[in-house]
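Trainee: I'm passing along structure.cif; it holds mmCIF, N, CA and C atoms.
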data_upload
loop_
_atom_site.label_atom_id
_atom_site.label_comp_id
_atom_site.auth_asym_id
_atom_site.auth_seq_id
_atom_site.Cartn_x
_atom_site.Cartn_y
_atom_site.Cartn_z
N MET Y 213 -15.07 0.46 48.90
CA MET Y 213 -15.05 0.01 47.53
C MET Y 213 -15.03 -1.52 47.49
N THR Y 214 -15.93 -2.08 46.77
CA THR Y 214 -16.01 -3.53 46.65
C THR Y 214 -15.11 -3.98 45.52
N ARG Y 215 -14.27 -4.94 45.82
CA ARG Y 215 -13.36 -5.46 44.80
C ARG Y 215 -14.03 -6.61 44.06
N ARG Y 216 -13.82 -6.61 42.78
CA ARG Y 216 -14.35 -7.69 41.97
C ARG Y 216 -13.30 -8.79 41.85
N ASN Y 217 -13.77 -9.96 41.56
CA ASN Y 217 -12.89 -11.08 41.33
C ASN Y 217 -12.18 -10.84 39.99
N PRO Y 218 -10.84 -10.84 39.94
CA PRO Y 218 -10.14 -10.58 38.68
C PRO Y 218 -10.53 -11.56 37.57
N HIS Y 219 -10.81 -12.81 37.95
CA HIS Y 219 -11.19 -13.79 36.93
C HIS Y 219 -12.57 -13.48 36.38
N ALA Y 220 -13.47 -12.99 37.22
CA ALA Y 220 -14.78 -12.58 36.73
C ALA Y 220 -14.63 -11.36 35.83
N ALA Y 221 -13.75 -10.44 36.22
CA ALA Y 221 -13.50 -9.26 35.39
C ALA Y 221 -12.96 -9.67 34.03
N ARG Y 222 -12.08 -10.67 34.02
CA ARG Y 222 -11.53 -11.16 32.75
C ARG Y 222 -12.65 -11.66 31.84
N ASP Y 223 -13.61 -12.38 32.43
CA ASP Y 223 -14.70 -12.93 31.63
C ASP Y 223 -15.63 -11.84 31.11
N GLU Y 224 -15.73 -10.72 31.82
CA GLU Y 224 -16.62 -9.64 31.42
C GLU Y 224 -15.92 -8.59 30.57
N CYS Y 225 -14.63 -8.59 30.54
CA CYS Y 225 -13.86 -7.54 29.86
C CYS Y 225 -14.03 -7.64 28.34
N PRO Y 226 -14.35 -6.51 27.68
CA PRO Y 226 -14.49 -6.52 26.22
C PRO Y 226 -13.18 -6.84 25.50
N ASN Y 227 -12.05 -6.61 26.15
CA ASN Y 227 -10.75 -6.88 25.53
C ASN Y 227 -10.18 -8.24 25.91
N ARG Y 228 -11.00 -9.12 26.45
CA ARG Y 228 -10.48 -10.38 26.99
C ARG Y 228 -9.72 -11.21 25.95
N ALA Y 229 -10.03 -11.08 24.68
CA ALA Y 229 -9.32 -11.85 23.66
C ALA Y 229 -7.85 -11.43 23.54
N ASN Y 230 -7.55 -10.20 23.93
CA ASN Y 230 -6.18 -9.69 23.83
C ASN Y 230 -5.38 -9.86 25.11
N HIS Y 231 -6.02 -10.35 26.16
CA HIS Y 231 -5.36 -10.46 27.46
C HIS Y 231 -5.11 -11.90 27.84
N ILE Y 232 -4.03 -12.12 28.55
CA ILE Y 232 -3.72 -13.45 29.05
C ILE Y 232 -4.40 -13.66 30.40
N ASP Y 233 -4.32 -12.68 31.30
CA ASP Y 233 -4.93 -12.80 32.62
C ASP Y 233 -5.11 -11.41 33.22
N HIS Y 234 -5.93 -11.32 34.26
CA HIS Y 234 -6.19 -10.07 34.98
C HIS Y 234 -5.72 -10.20 36.42
N THR Y 235 -5.34 -9.10 37.03
CA THR Y 235 -5.02 -9.07 38.45
C THR Y 235 -5.36 -7.68 38.98
N GLU Y 236 -5.49 -7.54 40.31
CA GLU Y 236 -5.94 -6.27 40.89
C GLU Y 236 -4.90 -5.17 40.87
N GLY Y 237 -3.64 -5.49 40.86
CA GLY Y 237 -2.60 -4.46 40.91
C GLY Y 237 -1.46 -4.76 39.97
N PRO Y 238 -0.60 -3.78 39.73
CA PRO Y 238 0.49 -3.99 38.79
C PRO Y 238 1.50 -5.03 39.25
N ASP Y 239 1.57 -5.28 40.56
CA ASP Y 239 2.50 -6.29 41.04
C ASP Y 239 1.92 -7.68 40.93
N GLY Y 240 0.59 -7.79 41.08
CA GLY Y 240 -0.06 -9.09 40.97
C GLY Y 240 0.53 -10.06 41.96
N CYS Y 241 0.42 -11.31 41.67
CA CYS Y 241 1.05 -12.30 42.53
C CYS Y 241 2.35 -12.75 41.88
N ILE Y 242 3.19 -13.40 42.62
CA ILE Y 242 4.50 -13.79 42.12
C ILE Y 242 4.36 -14.70 40.90
N GLU Y 243 3.43 -15.64 40.96
CA GLU Y 243 3.26 -16.56 39.84
C GLU Y 243 2.81 -15.82 38.58
N TRP Y 244 1.94 -14.82 38.77
CA TRP Y 244 1.42 -14.05 37.64
C TRP Y 244 2.54 -13.28 36.96
N ARG Y 245 3.39 -12.62 37.76
CA ARG Y 245 4.51 -11.87 37.19
C ARG Y 245 5.51 -12.81 36.54
N ALA Y 246 5.74 -13.96 37.13
CA ALA Y 246 6.67 -14.94 36.54
C ALA Y 246 6.13 -15.42 35.20
N LEU Y 247 4.82 -15.62 35.13
CA LEU Y 247 4.20 -16.04 33.88
C LEU Y 247 4.43 -14.97 32.80
N ALA Y 248 4.22 -13.72 33.16
CA ALA Y 248 4.40 -12.63 32.20
C ALA Y 248 5.86 -12.58 31.73
N ASP Y 249 6.79 -12.76 32.65
CA ASP Y 249 8.21 -12.72 32.30
C ASP Y 249 8.59 -13.89 31.39
N ARG Y 250 8.09 -15.08 31.71
CA ARG Y 250 8.41 -16.26 30.90
C ARG Y 250 7.84 -16.14 29.49
N MET Y 251 6.71 -15.49 29.38
CA MET Y 251 6.05 -15.38 28.09
C MET Y 251 6.54 -14.17 27.30
N THR Y 252 7.53 -13.46 27.83
CA THR Y 252 8.03 -12.21 27.25
C THR Y 252 6.85 -11.30 26.92
N ARG Y 253 5.97 -11.20 27.87
CA ARG Y 253 4.80 -10.33 27.75
C ARG Y 253 4.99 -9.17 28.71
N THR Y 254 4.12 -8.20 28.62
CA THR Y 254 4.18 -7.07 29.51
C THR Y 254 2.83 -6.93 30.20
N GLN Y 255 2.76 -6.05 31.15
CA GLN Y 255 1.50 -5.85 31.86
C GLN Y 255 1.11 -4.38 31.78
N GLU Y 256 -0.16 -4.14 31.65
CA GLU Y 256 -0.67 -2.78 31.60
C GLU Y 256 -2.09 -2.78 32.13
N GLN Y 257 -2.60 -1.60 32.44
CA GLN Y 257 -3.94 -1.51 32.98
C GLN Y 257 -4.94 -1.46 31.84
N CYS Y 258 -5.93 -2.31 31.91
CA CYS Y 258 -6.97 -2.38 30.88
C CYS Y 258 -7.89 -1.17 31.03
N PRO Y 259 -8.13 -0.42 29.95
CA PRO Y 259 -9.00 0.75 30.04
C PRO Y 259 -10.47 0.39 30.24
N ASP Y 260 -10.85 -0.84 29.91
CA ASP Y 260 -12.25 -1.23 30.01
C ASP Y 260 -12.64 -1.75 31.39
N CYS Y 261 -11.80 -2.61 31.97
CA CYS Y 261 -12.17 -3.20 33.26
C CYS Y 261 -11.32 -2.67 34.41
N GLU Y 262 -10.29 -1.89 34.11
CA GLU Y 262 -9.40 -1.25 35.08
C GLU Y 262 -8.56 -2.23 35.90
N TYR Y 263 -8.54 -3.50 35.53
CA TYR Y 263 -7.64 -4.44 36.16
C TYR Y 263 -6.35 -4.47 35.35
N TRP Y 264 -5.30 -4.99 35.95
CA TRP Y 264 -4.02 -5.12 35.26
C TRP Y 264 -4.05 -6.41 34.46
N VAL Y 265 -3.52 -6.36 33.26
CA VAL Y 265 -3.58 -7.51 32.37
C VAL Y 265 -2.21 -7.82 31.80
N ILE Y 266 -2.01 -9.06 31.43
CA ILE Y 266 -0.81 -9.46 30.72
C ILE Y 266 -1.13 -9.34 29.24
N VAL Y 267 -0.31 -8.59 28.53
CA VAL Y 267 -0.51 -8.41 27.09
C VAL Y 267 0.79 -8.66 26.36
N LYS Y 268 0.68 -8.97 25.09
CA LYS Y 268 1.86 -9.14 24.26
C LYS Y 268 2.40 -7.75 23.94
N PRO Y 269 3.70 -7.52 24.10
CA PRO Y 269 4.24 -6.19 23.81
C PRO Y 269 4.20 -5.88 22.32
N LYS Y 270 4.10 -4.61 22.02
CA LYS Y 270 4.15 -4.18 20.63
C LYS Y 270 5.57 -4.39 20.13
N GLU Y 271 5.69 -4.97 18.97
CA GLU Y 271 7.01 -5.27 18.43
C GLU Y 271 7.57 -4.05 17.72
N THR Y 272 8.53 -3.43 18.35
CA THR Y 272 9.21 -2.28 17.76
C THR Y 272 10.69 -2.55 17.84
N PRO Y 273 11.33 -2.81 16.73
CA PRO Y 273 12.76 -3.08 16.80
C PRO Y 273 13.52 -1.90 17.37
N MET Y 274 14.43 -2.19 18.24
CA MET Y 274 15.26 -1.13 18.81
C MET Y 274 16.33 -0.77 17.78
N THR Y 275 16.77 0.45 17.83
CA THR Y 275 17.79 0.91 16.89
C THR Y 275 19.02 0.02 16.96
N THR Y 276 19.36 -0.45 18.14
CA THR Y 276 20.54 -1.30 18.27
C THR Y 276 20.32 -2.66 17.64
N ASP Y 277 19.06 -3.06 17.38
CA ASP Y 277 18.78 -4.34 16.76
C ASP Y 277 18.89 -4.28 15.25
N LEU Y 278 19.03 -3.10 14.68
CA LEU Y 278 19.09 -2.97 13.24
C LEU Y 278 20.48 -3.36 12.74
N PRO Y 279 20.54 -3.98 11.58
CA PRO Y 279 21.83 -4.45 11.08
C PRO Y 279 22.71 -3.31 10.55
N THR Y 280 23.97 -3.60 10.45
CA THR Y 280 24.91 -2.68 9.80
C THR Y 280 24.90 -3.00 8.31
N TRP Y 281 25.56 -2.19 7.52
CA TRP Y 281 25.64 -2.41 6.08
C TRP Y 281 26.23 -3.79 5.79
N ALA Y 282 27.26 -4.16 6.53
CA ALA Y 282 27.92 -5.46 6.31
C ALA Y 282 26.99 -6.63 6.60
N ASP Y 283 26.00 -6.44 7.46
CA ASP Y 283 25.08 -7.52 7.83
C ASP Y 283 23.94 -7.69 6.83
N LEU Y 284 23.75 -6.73 5.92
CA LEU Y 284 22.65 -6.80 4.97
C LEU Y 284 22.94 -7.82 3.87
N THR Y 285 21.88 -8.45 3.39
CA THR Y 285 22.02 -9.31 2.22
C THR Y 285 22.17 -8.41 0.99
N ASP Y 286 22.59 -8.98 -0.11
CA ASP Y 286 22.73 -8.19 -1.33
C ASP Y 286 21.39 -7.58 -1.75
N LEU Y 287 20.31 -8.34 -1.59
CA LEU Y 287 19.00 -7.82 -1.98
C LEU Y 287 18.59 -6.62 -1.11
N ASP Y 288 18.80 -6.71 0.19
CA ASP Y 288 18.47 -5.58 1.07
C ASP Y 288 19.38 -4.38 0.79
N LYS Y 289 20.65 -4.63 0.46
CA LYS Y 289 21.53 -3.53 0.06
C LYS Y 289 20.99 -2.86 -1.20
N GLY Y 290 20.55 -3.67 -2.15
CA GLY Y 290 19.97 -3.13 -3.36
C GLY Y 290 18.70 -2.33 -3.08
N ASN Y 291 17.90 -2.78 -2.12
CA ASN Y 291 16.70 -2.03 -1.74
C ASN Y 291 17.05 -0.67 -1.15
N VAL Y 292 18.13 -0.63 -0.39
CA VAL Y 292 18.62 0.66 0.13
C VAL Y 292 18.98 1.57 -1.05
N LEU Y 293 19.71 1.02 -2.00
CA LEU Y 293 20.15 1.81 -3.16
C LEU Y 293 18.96 2.32 -3.98
N LEU Y 294 17.94 1.48 -4.16
CA LEU Y 294 16.74 1.92 -4.88
C LEU Y 294 16.11 3.14 -4.21
N HIS Y 295 15.97 3.06 -2.90
CA HIS Y 295 15.34 4.17 -2.18
C HIS Y 295 16.23 5.42 -2.22
N LEU Y 296 17.52 5.25 -2.03
CA LEU Y 296 18.42 6.41 -2.07
C LEU Y 296 18.43 7.06 -3.45
N HIS Y 297 18.33 6.25 -4.48
CA HIS Y 297 18.27 6.78 -5.84
C HIS Y 297 17.03 7.64 -6.03
N LYS Y 298 15.89 7.14 -5.56
CA LYS Y 298 14.64 7.91 -5.66
C LYS Y 298 14.72 9.19 -4.83
N ARG Y 299 15.35 9.13 -3.67
CA ARG Y 299 15.51 10.32 -2.84
C ARG Y 299 16.31 11.39 -3.59
N GLU Y 300 17.37 10.92 -4.25
CA GLU Y 300 18.25 11.85 -4.95
C GLU Y 300 17.56 12.52 -6.13
N TYR Y 301 16.79 11.74 -6.89
CA TYR Y 301 16.21 12.27 -8.12
C TYR Y 301 14.78 12.79 -7.99
N GLU Y 302 14.04 12.34 -6.98
CA GLU Y 302 12.65 12.77 -6.81
C GLU Y 302 12.47 13.68 -5.60
N GLY Y 303 13.45 13.69 -4.72
CA GLY Y 303 13.33 14.44 -3.47
C GLY Y 303 12.93 13.51 -2.34
N GLY Y 304 13.38 13.85 -1.14
CA GLY Y 304 13.16 12.99 0.02
C GLY Y 304 11.70 12.76 0.35
N SER Y 305 10.92 13.83 0.42
CA SER Y 305 9.50 13.70 0.79
C SER Y 305 8.73 12.89 -0.24
N TYR Y 306 8.98 13.17 -1.50
CA TYR Y 306 8.28 12.45 -2.57
C TYR Y 306 8.66 10.96 -2.55
N ALA Y 307 9.94 10.69 -2.38
CA ALA Y 307 10.41 9.30 -2.34
C ALA Y 307 9.81 8.55 -1.16
N GLU Y 308 9.74 9.20 0.00
CA GLU Y 308 9.17 8.53 1.17
C GLU Y 308 7.69 8.24 0.99
N GLU Y 309 6.99 9.13 0.30
CA GLU Y 309 5.55 8.92 0.10
C GLU Y 309 5.27 7.91 -1.02
N HIS Y 310 5.99 8.00 -2.14
CA HIS Y 310 5.67 7.19 -3.31
C HIS Y 310 6.59 5.99 -3.53
N TYR Y 311 7.78 6.04 -2.98
CA TYR Y 311 8.75 4.96 -3.13
C TYR Y 311 9.41 4.64 -1.79
N PRO Y 312 8.63 4.28 -0.78
CA PRO Y 312 9.25 4.03 0.53
C PRO Y 312 10.19 2.82 0.47
N ALA Y 313 11.19 2.85 1.30
CA ALA Y 313 12.13 1.74 1.37
C ALA Y 313 11.39 0.51 1.88
N SER Y 314 11.75 -0.63 1.34
CA SER Y 314 11.18 -1.89 1.83
C SER Y 314 12.29 -2.93 1.80
N PHE Y 315 12.18 -3.88 2.68
CA PHE Y 315 13.22 -4.89 2.82
C PHE Y 315 12.59 -6.27 2.81
N THR Y 316 13.37 -7.27 2.40
CA THR Y 316 12.82 -8.61 2.24
C THR Y 316 13.50 -9.67 3.08
N ASP Y 317 14.72 -9.42 3.54
CA ASP Y 317 15.46 -10.51 4.17
C ASP Y 317 15.66 -10.37 5.68
N HIS Y 318 16.18 -9.26 6.15
CA HIS Y 318 16.49 -9.13 7.57
C HIS Y 318 15.21 -8.90 8.37
N PRO Y 319 14.91 -9.75 9.36
CA PRO Y 319 13.65 -9.66 10.11
C PRO Y 319 13.41 -8.30 10.78
N ALA Y 320 14.46 -7.69 11.31
CA ALA Y 320 14.27 -6.39 11.97
C ALA Y 320 13.90 -5.32 10.96
N LEU Y 321 14.41 -5.43 9.75
CA LEU Y 321 14.08 -4.45 8.71
C LEU Y 321 12.70 -4.70 8.13
N VAL Y 322 12.33 -5.95 7.97
CA VAL Y 322 11.00 -6.30 7.46
C VAL Y 322 9.93 -5.77 8.40
N ALA Y 323 10.21 -5.76 9.70
CA ALA Y 323 9.23 -5.33 10.71
C ALA Y 323 9.06 -3.81 10.77
N LEU Y 324 9.95 -3.06 10.16
CA LEU Y 324 9.87 -1.60 10.24
C LEU Y 324 8.68 -1.06 9.45
N ASP Y 325 8.07 0.01 9.98
CA ASP Y 325 7.06 0.70 9.18
C ASP Y 325 7.78 1.50 8.10
N SER Y 326 7.03 2.05 7.14
CA SER Y 326 7.68 2.69 5.99
C SER Y 326 8.53 3.88 6.39
N ALA Y 327 8.11 4.67 7.37
CA ALA Y 327 8.90 5.83 7.78
C ALA Y 327 10.24 5.39 8.39
N ALA Y 328 10.20 4.37 9.23
CA ALA Y 328 11.43 3.87 9.86
C ALA Y 328 12.33 3.20 8.82
N ALA Y 329 11.73 2.49 7.85
CA ALA Y 329 12.52 1.86 6.80
C ALA Y 329 13.23 2.92 5.96
N CYS Y 330 12.53 4.01 5.66
CA CYS Y 330 13.15 5.10 4.90
C CYS Y 330 14.29 5.74 5.69
N ALA Y 331 14.08 5.92 6.98
CA ALA Y 331 15.13 6.50 7.83
C ALA Y 331 16.35 5.57 7.88
N PHE Y 332 16.09 4.27 7.94
CA PHE Y 332 17.20 3.32 7.94
C PHE Y 332 17.97 3.41 6.63
N ALA Y 333 17.25 3.40 5.51
CA ALA Y 333 17.92 3.49 4.20
C ALA Y 333 18.74 4.77 4.11
N LYS Y 334 18.18 5.86 4.58
CA LYS Y 334 18.89 7.15 4.56
C LYS Y 334 20.17 7.08 5.40
N SER Y 335 20.12 6.33 6.49
CA SER Y 335 21.29 6.22 7.36
C SER Y 335 22.42 5.42 6.71
N MET Y 336 22.12 4.69 5.65
CA MET Y 336 23.12 3.88 4.95
C MET Y 336 23.77 4.64 3.79
N HIS Y 337 23.48 5.93 3.68
CA HIS Y 337 23.95 6.74 2.56
C HIS Y 337 25.47 6.69 2.39
N SER Y 338 26.22 6.86 3.46
CA SER Y 338 27.69 6.88 3.34
C SER Y 338 28.23 5.51 2.92
N ASP Y 339 27.61 4.43 3.40
CA ASP Y 339 28.03 3.09 2.99
C ASP Y 339 27.75 2.87 1.50
N ALA Y 340 26.59 3.35 1.05
CA ALA Y 340 26.24 3.21 -0.35
C ALA Y 340 27.20 3.99 -1.24
N ASN Y 341 27.56 5.18 -0.81
CA ASN Y 341 28.49 6.01 -1.59
C ASN Y 341 29.89 5.42 -1.66
N ALA Y 342 30.23 4.57 -0.72
CA ALA Y 342 31.57 3.97 -0.69
C ALA Y 342 31.70 2.80 -1.67
N LEU Y 343 30.58 2.36 -2.25
CA LEU Y 343 30.62 1.22 -3.16
C LEU Y 343 31.30 1.58 -4.48
N HIS Y 344 32.00 0.62 -5.05
CA HIS Y 344 32.55 0.76 -6.39
C HIS Y 344 31.38 0.81 -7.37
N HIS Y 345 31.53 1.52 -8.46
CA HIS Y 345 30.46 1.71 -9.44
C HIS Y 345 29.85 0.38 -9.91
N ASP Y 346 30.70 -0.62 -10.20
CA ASP Y 346 30.20 -1.91 -10.68
C ASP Y 346 29.36 -2.62 -9.61
N GLU Y 347 29.84 -2.58 -8.36
CA GLU Y 347 29.09 -3.22 -7.26
C GLU Y 347 27.78 -2.49 -7.02
N TYR Y 348 27.80 -1.18 -7.09
CA TYR Y 348 26.57 -0.38 -6.94
C TYR Y 348 25.56 -0.81 -8.00
N GLY Y 349 26.00 -0.90 -9.23
CA GLY Y 349 25.11 -1.29 -10.32
C GLY Y 349 24.56 -2.69 -10.16
N ARG Y 350 25.41 -3.62 -9.72
CA ARG Y 350 24.98 -5.01 -9.52
C ARG Y 350 23.89 -5.10 -8.46
N LEU Y 351 24.10 -4.43 -7.32
CA LEU Y 351 23.12 -4.47 -6.22
C LEU Y 351 21.83 -3.76 -6.61
N TYR Y 352 21.96 -2.63 -7.27
CA TYR Y 352 20.79 -1.86 -7.71
C TYR Y 352 19.94 -2.70 -8.68
N ASP Y 353 20.61 -3.32 -9.66
CA ASP Y 353 19.90 -4.14 -10.64
C ASP Y 353 19.25 -5.36 -9.99
N LEU Y 354 19.93 -5.95 -9.02
CA LEU Y 354 19.37 -7.10 -8.31
C LEU Y 354 18.05 -6.73 -7.65
N ALA Y 355 18.03 -5.60 -6.96
CA ALA Y 355 16.79 -5.16 -6.30
C ALA Y 355 15.73 -4.74 -7.31
N LEU Y 356 16.15 -4.12 -8.37
CA LEU Y 356 15.21 -3.68 -9.41
C LEU Y 356 14.55 -4.90 -10.05
N ASP Y 357 15.33 -5.94 -10.34
CA ASP Y 357 14.78 -7.16 -10.92
C ASP Y 357 13.82 -7.85 -9.95
N ALA Y 358 14.17 -7.86 -8.68
CA ALA Y 358 13.32 -8.51 -7.66
C ALA Y 358 12.03 -7.73 -7.45
N ASP Y 359 12.06 -6.42 -7.69
CA ASP Y 359 10.89 -5.56 -7.48
C ASP Y 359 9.86 -5.74 -8.58
N GLN Y 360 10.27 -6.25 -9.73
CA GLN Y 360 9.35 -6.37 -10.87
C GLN Y 360 8.58 -7.65 -10.86
#
Show the structure stored in the file as C-alpha cells.
Mentor:
Amino acid sequence: MTRRNPHAARDECPNRANHIDHTEGPDGCIEWRALADRMTRTQEQCPDCEYWVIVKPKETPMTTDLPTWADLTDLDKGNVLLHLHKREYEGGSYAEEHYPASFTDHPALVALDSAAACAFAKSMHSDANALHHDEYGRLYDLALDADQ
C-alpha cells in the first residue's frame, strides 16, 4: 500500500475547510497531538480522505456544567416558570413542541437545544414550586414581559 503525503491529502480533502491538519494515524506526531490539546480540539478520522484530522469538538454542555436554581438569573428563572406553566396547562408534549424552554443569560443554557432546554426546565420543577407566590409572579411576569 502506497502512503500519501498527509499534507497533500489535506489539500485534496473535500472537508479541508473544517480540518486543522491531517496525519496518518490517530497518534500522529507529538507536536501534532500537542497542537490539538492546546487548541482544545479533538481528532477523528476523516471519512473522505481516511487520514486523521484535528477538528473542533461539538459543543455539548455536560450535565454537570448546568447551573443550579440559585445560579440562574431572575430572567432565566422566569423562563423556567413560563415553560413549566405551559407544561401544566397544555401538556408536556404540546409545550415542548410549541412553547419550548429558552434561556437568555447563562451560556450553558443558551447553548442547549430545545429538547435539552425543556428537560432542564422540567428538572427545576421542585425549586419552582418552593417559591413564594409573590416571587413566582414577579419572575413569571419578568420573563413574560421580556418575551414580548
Trainee: Can you list, as a PyMOL selection string, the residues that the PyMOL selection byres ((chain Y and resi 301-316) around 6) selects here?
Mentor: chain Y and resi 288+291+295+297-300+317-318+321-322+326+329-330
Trainee: If you measure from atom N of Asp346 (chain Y) to atom N of Ala328 (chain Y), what distance in Å do you get, rounded to one decimal?
Mentor: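 Rounded to one decimal, the two atoms are 28.7 Å apart.
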Trainee: How many Å lie between CA of His344 (chain Y) and atom C of Ala320 (chain Y), rounded to one decimal?
Mentor: 26.2 Å
Trainee: Find, counting only C-alpha atoms, the residue in Y:Leu284, Y:Ala323, Y:Leu293, Y:Ala333 that gets nearest to Tyr352 (chain Y).
Mentor: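 With only C-alpha atoms as the atom set, the closest residue is Y:Leu293.
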Trainee: Do you have the CA of Leu324 (chain Y)-atom N of Glu347 (chain Y) distance handy?
Mentor: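 Taking CA of Leu324 (chain Y) and atom N of Glu347 (chain Y), their separation equals 27.3 Å.
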Trainee: Can you list, as a PyMOL selection string, the residues that the PyMOL selection byres ((chain Y and resi 355) around 8) selects here?
Mentor: chain Y and resi 286-292+294+349-354+356-360
